[in-house]
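**Q** Dropping in model_30.csv, with CSV, N, CA and C atoms.
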chain,number,residue,atom,x,y,z
A,24,MET,N,93.4,99.6,112.0
A,24,MET,CA,94.0,98.3,112.4
A,24,MET,C,93.1,97.7,113.5
A,25,VAL,N,92.9,96.4,113.5
A,25,VAL,CA,92.1,95.7,114.5
A,25,VAL,C,93.0,94.7,115.1
A,26,LEU,N,93.1,94.8,116.4
A,26,LEU,CA,93.9,93.8,117.2
A,26,LEU,C,93.0,92.7,117.7
A,27,VAL,N,93.5,91.4,117.5
A,27,VAL,CA,92.8,90.2,117.8
A,27,VAL,C,93.6,89.4,118.8
A,28,HIS,N,93.1,89.3,120.0
A,28,HIS,CA,93.8,88.6,121.1
A,28,HIS,C,93.8,87.1,120.9
A,29,GLY,N,94.7,86.4,121.7
A,29,GLY,CA,94.7,84.9,121.7
A,29,GLY,C,93.8,84.3,122.7
A,30,LEU,N,94.0,83.0,122.9
A,30,LEU,CA,93.2,82.3,123.9
A,30,LEU,C,93.5,82.7,125.3
A,31,ALA,N,92.5,82.5,126.2
A,31,ALA,CA,92.7,82.7,127.6
A,31,ALA,C,93.0,84.2,128.0
A,32,VAL,N,92.8,85.1,127.1
A,32,VAL,CA,93.0,86.5,127.4
A,32,VAL,C,91.9,87.3,126.7
A,33,SER,N,92.0,88.6,126.8
A,33,SER,CA,90.9,89.4,126.2
A,33,SER,C,91.6,90.7,125.6
A,34,HIS,N,90.7,91.6,125.2
A,34,HIS,CA,91.2,92.9,124.6
A,34,HIS,C,92.2,93.5,125.5
A,35,ARG,N,92.1,93.3,126.8
A,35,ARG,CA,93.0,94.0,127.8
A,35,ARG,C,94.4,93.7,127.6
A,36,TYR,N,94.7,92.4,127.1
A,36,TYR,CA,96.1,92.0,126.8
A,36,TYR,C,96.7,92.9,125.7
A,37,MET,N,95.9,93.3,124.8
A,37,MET,CA,96.3,94.1,123.6
A,37,MET,C,96.4,95.6,123.8
A,38,MET,N,95.8,96.1,125.0
A,38,MET,CA,95.7,97.5,125.2
A,38,MET,C,97.1,98.2,125.2
A,39,PRO,N,98.1,97.7,125.8
A,39,PRO,CA,99.4,98.5,125.7
A,39,PRO,C,99.9,98.7,124.3
A,40,LEU,N,99.7,97.7,123.5
A,40,LEU,CA,100.1,97.9,122.1
A,40,LEU,C,99.2,98.8,121.4
A,41,ALA,N,97.9,98.7,121.7
A,41,ALA,CA,96.9,99.6,121.0
A,41,ALA,C,97.2,101.1,121.3
A,42,VAL,N,97.6,101.3,122.6
A,42,VAL,CA,97.9,102.7,123.0
A,42,VAL,C,99.0,103.3,122.2
A,43,ARG,N,100.1,102.4,122.0
A,43,ARG,CA,101.2,102.9,121.2
A,43,ARG,C,100.9,103.1,119.8
A,44,LEU,N,100.2,102.1,119.2
A,44,LEU,CA,99.8,102.2,117.8
A,44,LEU,C,98.9,103.4,117.5
A,45,ALA,N,98.0,103.7,118.4
A,45,ALA,CA,97.0,104.7,118.3
A,45,ALA,C,97.6,106.1,118.1
A,46,ALA,N,98.9,106.3,118.5
A,46,ALA,CA,99.5,107.6,118.3
A,46,ALA,C,99.7,107.8,116.8
A,47,ARG,N,99.7,106.8,116.0
A,47,ARG,CA,99.9,107.0,114.5
A,47,ARG,C,98.8,106.4,113.6
A,48,HIS,N,98.0,105.5,114.2
A,48,HIS,CA,97.0,104.8,113.3
A,48,HIS,C,95.7,104.7,114.1
A,49,PRO,N,94.6,104.7,113.4
A,49,PRO,CA,93.3,104.4,114.1
A,49,PRO,C,93.4,102.9,114.5
A,50,VAL,N,93.0,102.6,115.7
A,50,VAL,CA,93.1,101.2,116.2
A,50,VAL,C,91.8,100.8,116.9
A,51,ARG,N,91.4,99.6,116.7
A,51,ARG,CA,90.3,99.0,117.5
A,51,ARG,C,90.8,97.7,118.0
A,52,VAL,N,90.3,97.4,119.2
A,52,VAL,CA,90.6,96.2,119.9
A,52,VAL,C,89.3,95.4,120.2
A,53,VAL,N,89.2,94.2,119.8
A,53,VAL,CA,88.0,93.4,120.0
A,53,VAL,C,88.2,92.3,121.0
A,54,ASP,N,87.1,91.9,121.6
A,54,ASP,CA,87.0,90.6,122.4
A,54,ASP,C,86.3,89.6,121.5
A,55,LEU,N,87.0,88.5,121.3
A,55,LEU,CA,86.4,87.4,120.5
A,55,LEU,C,85.2,86.8,121.4
A,56,PRO,N,84.2,86.2,120.7
A,56,PRO,CA,83.1,85.6,121.4
A,56,PRO,C,83.5,84.7,122.6
A,57,GLY,N,83.0,85.0,123.8
A,57,GLY,CA,83.3,84.2,125.0
A,57,GLY,C,84.5,84.7,125.8
A,58,PHE,N,85.1,85.8,125.4
A,58,PHE,CA,86.2,86.3,126.0
A,58,PHE,C,86.0,87.8,126.5
A,59,GLY,N,86.6,88.2,127.5
A,59,GLY,CA,86.5,89.6,128.0
A,59,GLY,C,85.1,90.1,128.2
A,60,LEU,N,84.8,91.2,127.5
A,60,LEU,CA,83.5,91.8,127.7
A,60,LEU,C,82.4,91.3,126.7
A,61,SER,N,82.8,90.4,125.8
A,61,SER,CA,81.8,89.9,124.8
A,61,SER,C,80.9,88.9,125.5
A,62,GLY,N,79.8,88.7,124.8
A,62,GLY,CA,78.8,87.7,125.3
A,62,GLY,C,79.3,86.3,125.1
A,63,LYS,N,78.9,85.4,126.0
A,63,LYS,CA,79.3,84.0,125.9
A,63,LYS,C,78.3,83.3,124.9
A,64,PRO,N,78.9,82.7,123.9
A,64,PRO,CA,78.0,81.9,122.9
A,64,PRO,C,77.4,80.7,123.6
A,65,ALA,N,76.3,80.2,123.0
A,65,ALA,CA,75.6,79.1,123.6
A,65,ALA,C,76.5,77.8,123.6
A,66,ARG,N,77.4,77.8,122.7
A,66,ARG,CA,78.4,76.6,122.6
A,66,ARG,C,79.7,77.1,122.2
A,67,THR,N,80.7,76.3,122.3
A,67,THR,CA,82.1,76.7,121.9
A,67,THR,C,82.1,76.8,120.4
A,68,LEU,N,82.6,77.9,119.9
A,68,LEU,CA,82.7,78.1,118.4
A,68,LEU,C,84.0,77.5,117.9
A,69,ASP,N,83.9,77.0,116.7
A,69,ASP,CA,85.2,76.5,116.0
A,69,ASP,C,85.8,77.7,115.3
A,70,LEU,N,87.0,77.5,114.7
A,70,LEU,CA,87.7,78.5,114.1
A,70,LEU,C,87.0,79.3,113.0
A,71,PRO,N,86.4,78.6,112.1
A,71,PRO,CA,85.6,79.3,111.0
A,71,PRO,C,84.5,80.1,111.6
A,72,GLU,N,83.8,79.6,112.6
A,72,GLU,CA,82.7,80.4,113.3
A,72,GLU,C,83.2,81.6,114.0
A,73,MET,N,84.4,81.5,114.6
A,73,MET,CA,85.0,82.6,115.3
A,73,MET,C,85.4,83.7,114.2
A,74,ALA,N,85.9,83.2,113.1
A,74,ALA,CA,86.3,84.2,112.1
A,74,ALA,C,85.0,84.8,111.5
A,75,ASP,N,84.0,84.1,111.3
A,75,ASP,CA,82.8,84.7,110.8
A,75,ASP,C,82.2,85.7,111.7
A,76,ARG,N,82.3,85.5,113.0
A,76,ARG,CA,81.8,86.5,114.0
A,76,ARG,C,82.6,87.7,113.9
A,77,LEU,N,83.9,87.6,113.8
A,77,LEU,CA,84.8,88.7,113.7
A,77,LEU,C,84.5,89.5,112.4
A,78,ALA,N,84.2,88.7,111.3
A,78,ALA,CA,83.9,89.4,110.0
A,78,ALA,C,82.6,90.2,110.2
A,79,GLU,N,81.6,89.6,110.8
A,79,GLU,CA,80.3,90.3,111.1
A,79,GLU,C,80.6,91.6,111.8
A,80,TRP,N,81.4,91.5,112.8
A,80,TRP,CA,81.8,92.7,113.6
A,80,TRP,C,82.5,93.8,112.7
A,81,LEU,N,83.4,93.3,111.9
A,81,LEU,CA,84.1,94.3,111.0
A,81,LEU,C,83.1,95.0,110.2
A,82,GLU,N,82.1,94.3,109.6
A,82,GLU,CA,81.1,95.0,108.8
A,82,GLU,C,80.2,95.9,109.6
A,83,THR,N,79.7,95.4,110.7
A,83,THR,CA,78.8,96.1,111.6
A,83,THR,C,79.4,97.4,112.1
A,84,ALA,N,80.7,97.3,112.5
A,84,ALA,CA,81.4,98.4,113.1
A,84,ALA,C,82.0,99.4,112.0
A,85,ASP,N,81.7,99.0,110.7
A,85,ASP,CA,82.3,99.8,109.6
A,85,ASP,C,83.8,99.9,109.7
A,86,ALA,N,84.4,98.8,110.1
A,86,ALA,CA,85.9,98.8,110.3
A,86,ALA,C,86.6,98.1,109.2
A,87,ALA,N,85.9,97.7,108.1
A,87,ALA,CA,86.6,97.0,107.0
A,87,ALA,C,86.7,97.9,105.8
A,88,PRO,N,87.7,97.6,105.0
A,88,PRO,CA,88.7,96.6,105.2
A,88,PRO,C,89.7,97.1,106.2
A,89,ALA,N,90.3,96.1,107.0
A,89,ALA,CA,91.2,96.5,108.0
A,89,ALA,C,92.5,95.6,108.0
A,90,VAL,N,93.5,96.2,108.5
A,90,VAL,CA,94.7,95.3,108.8
A,90,VAL,C,94.4,94.6,110.1
A,91,LEU,N,94.5,93.3,110.1
A,91,LEU,CA,94.2,92.5,111.3
A,91,LEU,C,95.5,92.1,111.9
A,92,LEU,N,95.7,92.5,113.2
A,92,LEU,CA,96.9,92.1,113.9
A,92,LEU,C,96.5,91.1,114.9
A,93,GLY,N,96.9,89.8,114.7
A,93,GLY,CA,96.6,88.7,115.6
A,93,GLY,C,97.8,88.3,116.4
A,94,ASN,N,97.5,87.9,117.7
A,94,ASN,CA,98.5,87.4,118.6
A,94,ASN,C,98.1,86.0,119.0
A,95,SER,N,99.0,85.0,118.8
A,95,SER,CA,98.8,83.6,119.2
A,95,SER,C,97.5,83.1,118.5
A,96,PHE,N,96.5,82.6,119.1
A,96,PHE,CA,95.3,82.1,118.5
A,96,PHE,C,94.7,83.2,117.6
A,97,GLY,N,94.8,84.4,118.0
A,97,GLY,CA,94.3,85.5,117.2
A,97,GLY,C,94.8,85.5,115.8
A,98,CYS,N,96.1,85.0,115.6
A,98,CYS,CA,96.6,84.9,114.2
A,98,CYS,C,95.8,83.9,113.4
A,99,GLN,N,95.4,82.8,114.0
A,99,GLN,CA,94.6,81.9,113.2
A,99,GLN,C,93.2,82.5,112.8
A,100,VAL,N,92.6,83.2,113.8
A,100,VAL,CA,91.4,83.9,113.5
A,100,VAL,C,91.5,84.9,112.4
A,101,ALA,N,92.6,85.7,112.5
A,101,ALA,CA,92.8,86.7,111.4
A,101,ALA,C,93.0,86.1,110.1
A,102,VAL,N,93.8,85.0,110.0
A,102,VAL,CA,94.1,84.4,108.7
A,102,VAL,C,92.8,83.8,108.2
A,103,GLU,N,92.0,83.2,109.0
A,103,GLU,CA,90.7,82.6,108.6
A,103,GLU,C,89.7,83.7,108.1
A,104,VAL,N,89.8,84.9,108.7
A,104,VAL,CA,89.0,86.0,108.2
A,104,VAL,C,89.4,86.3,106.8
A,105,ALA,N,90.7,86.4,106.6
A,105,ALA,CA,91.3,86.8,105.3
A,105,ALA,C,91.0,85.8,104.2
A,106,VAL,N,90.9,84.5,104.6
A,106,VAL,CA,90.6,83.4,103.6
A,106,VAL,C,89.1,83.4,103.3
A,107,ARG,N,88.3,83.5,104.4
A,107,ARG,CA,86.8,83.4,104.2
A,107,ARG,C,86.2,84.7,103.7
A,108,HIS,N,86.8,85.8,104.1
A,108,HIS,CA,86.2,87.1,103.8
A,108,HIS,C,87.3,88.1,103.3
A,109,PRO,N,87.9,87.8,102.1
A,109,PRO,CA,89.1,88.5,101.7
A,109,PRO,C,88.9,90.0,101.5
A,110,THR,N,87.6,90.5,101.2
A,110,THR,CA,87.4,91.9,101.1
A,110,THR,C,87.5,92.6,102.4
A,111,LEU,N,87.4,91.9,103.5
A,111,LEU,CA,87.4,92.6,104.8
A,111,LEU,C,88.8,92.8,105.4
A,112,ALA,N,89.8,92.1,104.9
A,112,ALA,CA,91.2,92.1,105.4
A,112,ALA,C,92.1,92.8,104.4
A,113,ARG,N,92.6,94.0,104.8
A,113,ARG,CA,93.5,94.8,104.0
A,113,ARG,C,94.9,94.2,104.1
A,114,GLY,N,95.2,93.6,105.2
A,114,GLY,CA,96.5,93.0,105.5
A,114,GLY,C,96.5,92.3,106.8
A,115,LEU,N,97.6,91.5,107.0
A,115,LEU,CA,97.7,90.7,108.2
A,115,LEU,C,99.0,91.0,108.9
A,116,VAL,N,99.0,91.1,110.2
A,116,VAL,CA,100.2,91.1,111.0
A,116,VAL,C,100.1,89.9,112.0
A,117,LEU,N,101.0,89.0,112.0
A,117,LEU,CA,100.9,87.7,112.8
A,117,LEU,C,102.0,87.7,113.8
A,118,ALA,N,101.6,87.9,115.1
A,118,ALA,CA,102.6,88.0,116.2
A,118,ALA,C,102.5,86.7,117.0
A,119,GLY,N,103.5,85.9,117.0
A,119,GLY,CA,103.5,84.7,117.8
A,119,GLY,C,102.4,83.7,117.3
A,120,PRO,N,102.3,83.4,116.0
A,120,PRO,CA,101.3,82.5,115.6
A,120,PRO,C,101.5,81.1,116.1
A,121,ILE,N,100.4,80.4,116.4
A,121,ILE,CA,100.5,79.0,116.8
A,121,ILE,C,100.2,78.1,115.5
A,122,THR,N,100.8,77.0,115.5
A,122,THR,CA,100.6,76.1,114.3
A,122,THR,C,100.3,74.7,114.7
A,123,ASP,N,99.8,74.0,113.8
A,123,ASP,CA,99.5,72.5,114.0
A,123,ASP,C,100.4,71.8,113.1
A,124,ALA,N,101.5,71.2,113.6
A,124,ALA,CA,102.5,70.5,112.8
A,124,ALA,C,101.9,69.4,112.0
A,125,HIS,N,100.8,68.8,112.4
A,125,HIS,CA,100.2,67.7,111.8
A,125,HIS,C,99.3,68.1,110.6
A,126,ALA,N,99.1,69.4,110.4
A,126,ALA,CA,98.2,69.9,109.4
A,126,ALA,C,99.0,70.9,108.4
A,127,ARG,N,100.3,70.6,108.2
A,127,ARG,CA,101.1,71.4,107.3
A,127,ARG,C,100.5,71.4,105.9
A,128,SER,N,100.6,72.5,105.3
A,128,SER,CA,100.1,72.6,103.9
A,128,SER,C,101.2,72.7,102.9
A,129,ALA,N,102.4,72.8,103.3
A,129,ALA,CA,103.5,72.8,102.4
A,129,ALA,C,104.5,71.7,102.8
A,130,PRO,N,105.2,71.1,101.8
A,130,PRO,CA,106.1,70.0,102.1
A,130,PRO,C,107.3,70.6,102.9
A,131,PRO,N,107.9,69.8,103.7
A,131,PRO,CA,109.1,70.2,104.5
A,131,PRO,C,110.2,70.6,103.5
A,132,ALA,N,111.1,71.4,104.0
A,132,ALA,CA,112.2,71.9,103.3
A,132,ALA,C,113.1,70.7,102.8
A,133,ASP,N,113.7,70.9,101.7
A,133,ASP,CA,114.6,69.9,101.2
A,133,ASP,C,115.7,69.6,102.2
A,134,PRO,N,115.9,68.4,102.7
A,134,PRO,CA,116.9,68.1,103.7
A,134,PRO,C,118.3,68.5,103.3
A,135,ALA,N,118.6,68.4,102.0
A,135,ALA,CA,119.9,68.7,101.5
A,135,ALA,C,120.2,70.2,101.7
A,136,LEU,N,119.2,71.0,101.5
A,136,LEU,CA,119.4,72.4,101.7
A,136,LEU,C,119.6,72.8,103.2
A,137,ALA,N,118.8,72.1,104.0
A,137,ALA,CA,118.9,72.4,105.5
A,137,ALA,C,120.2,71.9,106.0
A,138,ALA,N,120.8,70.9,105.5
A,138,ALA,CA,122.1,70.4,106.0
A,138,ALA,C,123.3,71.2,105.5
A,139,ARG,N,123.1,72.0,104.5
A,139,ARG,CA,124.3,72.8,103.9
A,139,ARG,C,124.6,73.9,104.9
A,140,PRO,N,125.8,74.1,105.3
A,140,PRO,CA,126.2,75.2,106.2
A,140,PRO,C,126.1,76.5,105.4
A,141,ALA,N,125.6,77.6,106.1
A,141,ALA,CA,125.6,78.9,105.5
A,141,ALA,C,127.0,79.4,105.3
A,142,ALA,N,127.2,80.2,104.3
A,142,ALA,CA,128.5,80.8,104.1
A,142,ALA,C,128.7,82.0,105.0
A,143,ARG,N,129.9,82.1,105.6
A,143,ARG,CA,130.1,83.2,106.5
A,143,ARG,C,129.9,84.5,105.8
A,144,GLY,N,129.1,85.3,106.5
A,144,GLY,CA,128.9,86.7,106.0
A,144,GLY,C,127.7,86.7,104.9
A,145,SER,N,127.0,85.6,104.8
A,145,SER,CA,126.0,85.6,103.8
A,145,SER,C,124.8,86.5,104.1
A,146,LEU,N,124.6,86.7,105.4
A,146,LEU,CA,123.7,87.7,105.9
A,146,LEU,C,124.4,88.6,106.9
A,147,PRO,N,124.1,89.9,106.8
A,147,PRO,CA,124.7,90.8,107.7
A,147,PRO,C,124.5,90.4,109.2
A,148,GLY,N,125.6,90.3,109.9
A,148,GLY,CA,125.5,89.9,111.3
A,148,GLY,C,125.3,88.4,111.6
A,149,ALA,N,125.2,87.6,110.5
A,149,ALA,CA,124.9,86.2,110.7
A,149,ALA,C,126.2,85.4,110.5
A,150,HIS,N,126.5,84.5,111.4
A,150,HIS,CA,127.7,83.7,111.4
A,150,HIS,C,127.3,82.2,111.7
A,151,PRO,N,127.8,81.3,111.0
A,151,PRO,CA,127.6,79.9,111.3
A,151,PRO,C,128.1,79.5,112.6
A,152,PRO,N,127.5,78.5,113.3
A,152,PRO,CA,128.1,78.1,114.6
A,152,PRO,C,129.5,77.7,114.5
A,153,ALA,N,130.3,77.9,115.5
A,153,ALA,CA,131.7,77.6,115.5
A,153,ALA,C,131.9,76.1,115.7
Let me see the structure of the file written as structure tokens.

**A**
Amino acid sequence: MVLVHGLAVSHRYMMPLAVRLAARHPVRVVDLPGFGLSGKPARTLDLPEMADRLAEWLETADAAPAVLLGNSFGCQVAVEVAVRHPTLARGLVLAGPITDAHARSAPPADPALAARPAARGSLPGAHPPA
């Protein structure tokens, strides 16, 4: 498993989780380019470039295919790796993903379904508001 941090943090943010997961799984924690202990790129990388750099690392470190666990912006990087380099991602875990509401790829839910109240007891422990 490879843990991918979000913006404004580094691998250090993911270390407590890495320690817990390492008791059961091999875990690697990376610093995206320009963060933590990684080198600073000559210019700011966009999302596809960030994903390509992570893909290069996965191959160089002989860490692929890997389950990629992304946090915040790390979710976008992990998904982009899976889309651009599908043989390198065995699976994805997305913790606290960020989204761009203006770039939705699926139509919004049918308003008629959203307005219909849930039946009491339809989900264990779920109750409609009183």

**Q** Pick out the residues sitting within 7 Å of Glu103 in chain A, and hand them over as a count of residues only; count all atoms listed in the file, and ignore anything fewer than 3 positions along from it in its own chain.

**A** 10

**Q** I'd like the neighbourhood of range 56-66 of chain A as an NGL selection string, where a residue qualifies if any of its atoms comes within 8 Å (using all atoms listed in the file), though same-chain residues fewer than 3 positions away should be ignored.

**A** :A and (31-35 or 53 or 69 or 73 or 76-77)

**Q** For the residues selected in the previous step, produce a file with N, CA and C atoms as a PDB file, in the coordinates of the input.

**A**
ATOM      1  N   ALA A  31      92.500  82.500 126.200  1.00  0.00           N
ATOM      2  CA  ALA A  31      92.700  82.700 127.600  1.00  0.00           C
ATOM      3  C   ALA A  31      93.000  84.200 128.000  1.00  0.00           C
ATOM      4  N   VAL A  32      92.800  85.100 127.100  1.00  0.00           N
ATOM      5  CA  VAL A  32      93.000  86.500 127.400  1.00  0.00           C
ATOM      6  C   VAL A  32      91.900  87.300 126.700  1.00  0.00           C
ATOM      7  N   SER A  33      92.000  88.600 126.800  1.00  0.00           N
ATOM      8  CA  SER A  33      90.900  89.400 126.200  1.00  0.00           C
ATOM      9  C   SER A  33      91.600  90.700 125.600  1.00  0.00           C
ATOM     10  N   HIS A  34      90.700  91.600 125.200  1.00  0.00           N
ATOM     11  CA  HIS A  34      91.200  92.900 124.600  1.00  0.00           C
ATOM     12  C   HIS A  34      92.200  93.500 125.500  1.00  0.00           C
ATOM     13  N   ARG A  35      92.100  93.300 126.800  1.00  0.00           N
ATOM     14  CA  ARG A  35      93.000  94.000 127.800  1.00  0.00           C
ATOM     15  C   ARG A  35      94.400  93.700 127.600  1.00  0.00           C
ATOM     16  N   VAL A  53      89.200  94.200 119.800  1.00  0.00           N
ATOM     17  CA  VAL A  53      88.000  93.400 120.000  1.00  0.00           C
ATOM     18  C   VAL A  53      88.200  92.300 121.000  1.00  0.00           C
ATOM     19  N   ASP A  69      83.900  77.000 116.700  1.00  0.00           N
ATOM     20  CA  ASP A  69      85.200  76.500 116.000  1.00  0.00           C
ATOM     21  C   ASP A  69      85.800  77.700 115.300  1.00  0.00           C
ATOM     22  N   MET A  73      84.400  81.500 114.600  1.00  0.00           N
ATOM     23  CA  MET A  73      85.000  82.600 115.300  1.00  0.00           C
ATOM     24  C   MET A  73      85.400  83.700 114.200  1.00  0.00           C
ATOM     25  N   ARG A  76      82.300  85.500 113.000  1.00  0.00           N
ATOM     26  CA  ARG A  76      81.800  86.500 114.000  1.00  0.00           C
ATOM     27  C   ARG A  76      82.600  87.700 113.900  1.00  0.00           C
ATOM     28  N   LEU A  77      83.900  87.600 113.800  1.00  0.00           N
ATOM     29  CA  LEU A  77      84.800  88.700 113.700  1.00  0.00           C
ATOM     30  C   LEU A  77      84.500  89.500 112.400  1.00  0.00           C
TER      31      LEU A  77
END

**Q** Interatomic distance between atom C of Val52 in chain A and CA of Ala112 in chain A?

**A**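 Separation of atom C of Val52 in chain A and CA of Ala112 in chain A: 15.3 Å.
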
**Q** What does the distance between atom N of Ala46 in chain A and atom C of Arg113 in chain A come to in Å, to one decimal place?

**A**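 Answer for the atom N of Ala46 in chain A to atom C of Arg113 in chain A separation: 19.2 Å.
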
**Q** What is the atom N of Val104 in chain A to atom N of Met37 in chain A distance in Å?

**A**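 Calculated distance between atom N of Val104 in chain A and atom N of Met37 in chain A is 19.2 Å.
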
**Q** Can you work out which one of A:Pro39, A:Gly119, A:Pro49, A:Pro109 has the shortest atom-to-atom distance to Ser95 in chain A, counting only C-alpha atoms?

**A**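 Nearest to Ser95 in chain A: A:Gly119.
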
**Q** Using only N, CA and C atoms and a cutoff of 5 Å, can you tell me which residues are near (94.5, 95.5, 114.3) in the file's coordinates, and write them out as JSON, numbers by chain?

**A** {"A": [24, 25, 26, 90, 91, 92]}

**Q** What's around Thr110 in chain A at 12 Å? Count only C-alpha atoms, leave out sequence neighbours fewer than 6 positions away in its own chain, and write the answer as a list of chain:residue names.

**A**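 Counting only C-alpha atoms, the residues come to A:Ala78, A:Leu81, A:Glu82, A:Ala86, A:Ala87, A:Pro88, A:Ala89, A:Val90, A:Val104.
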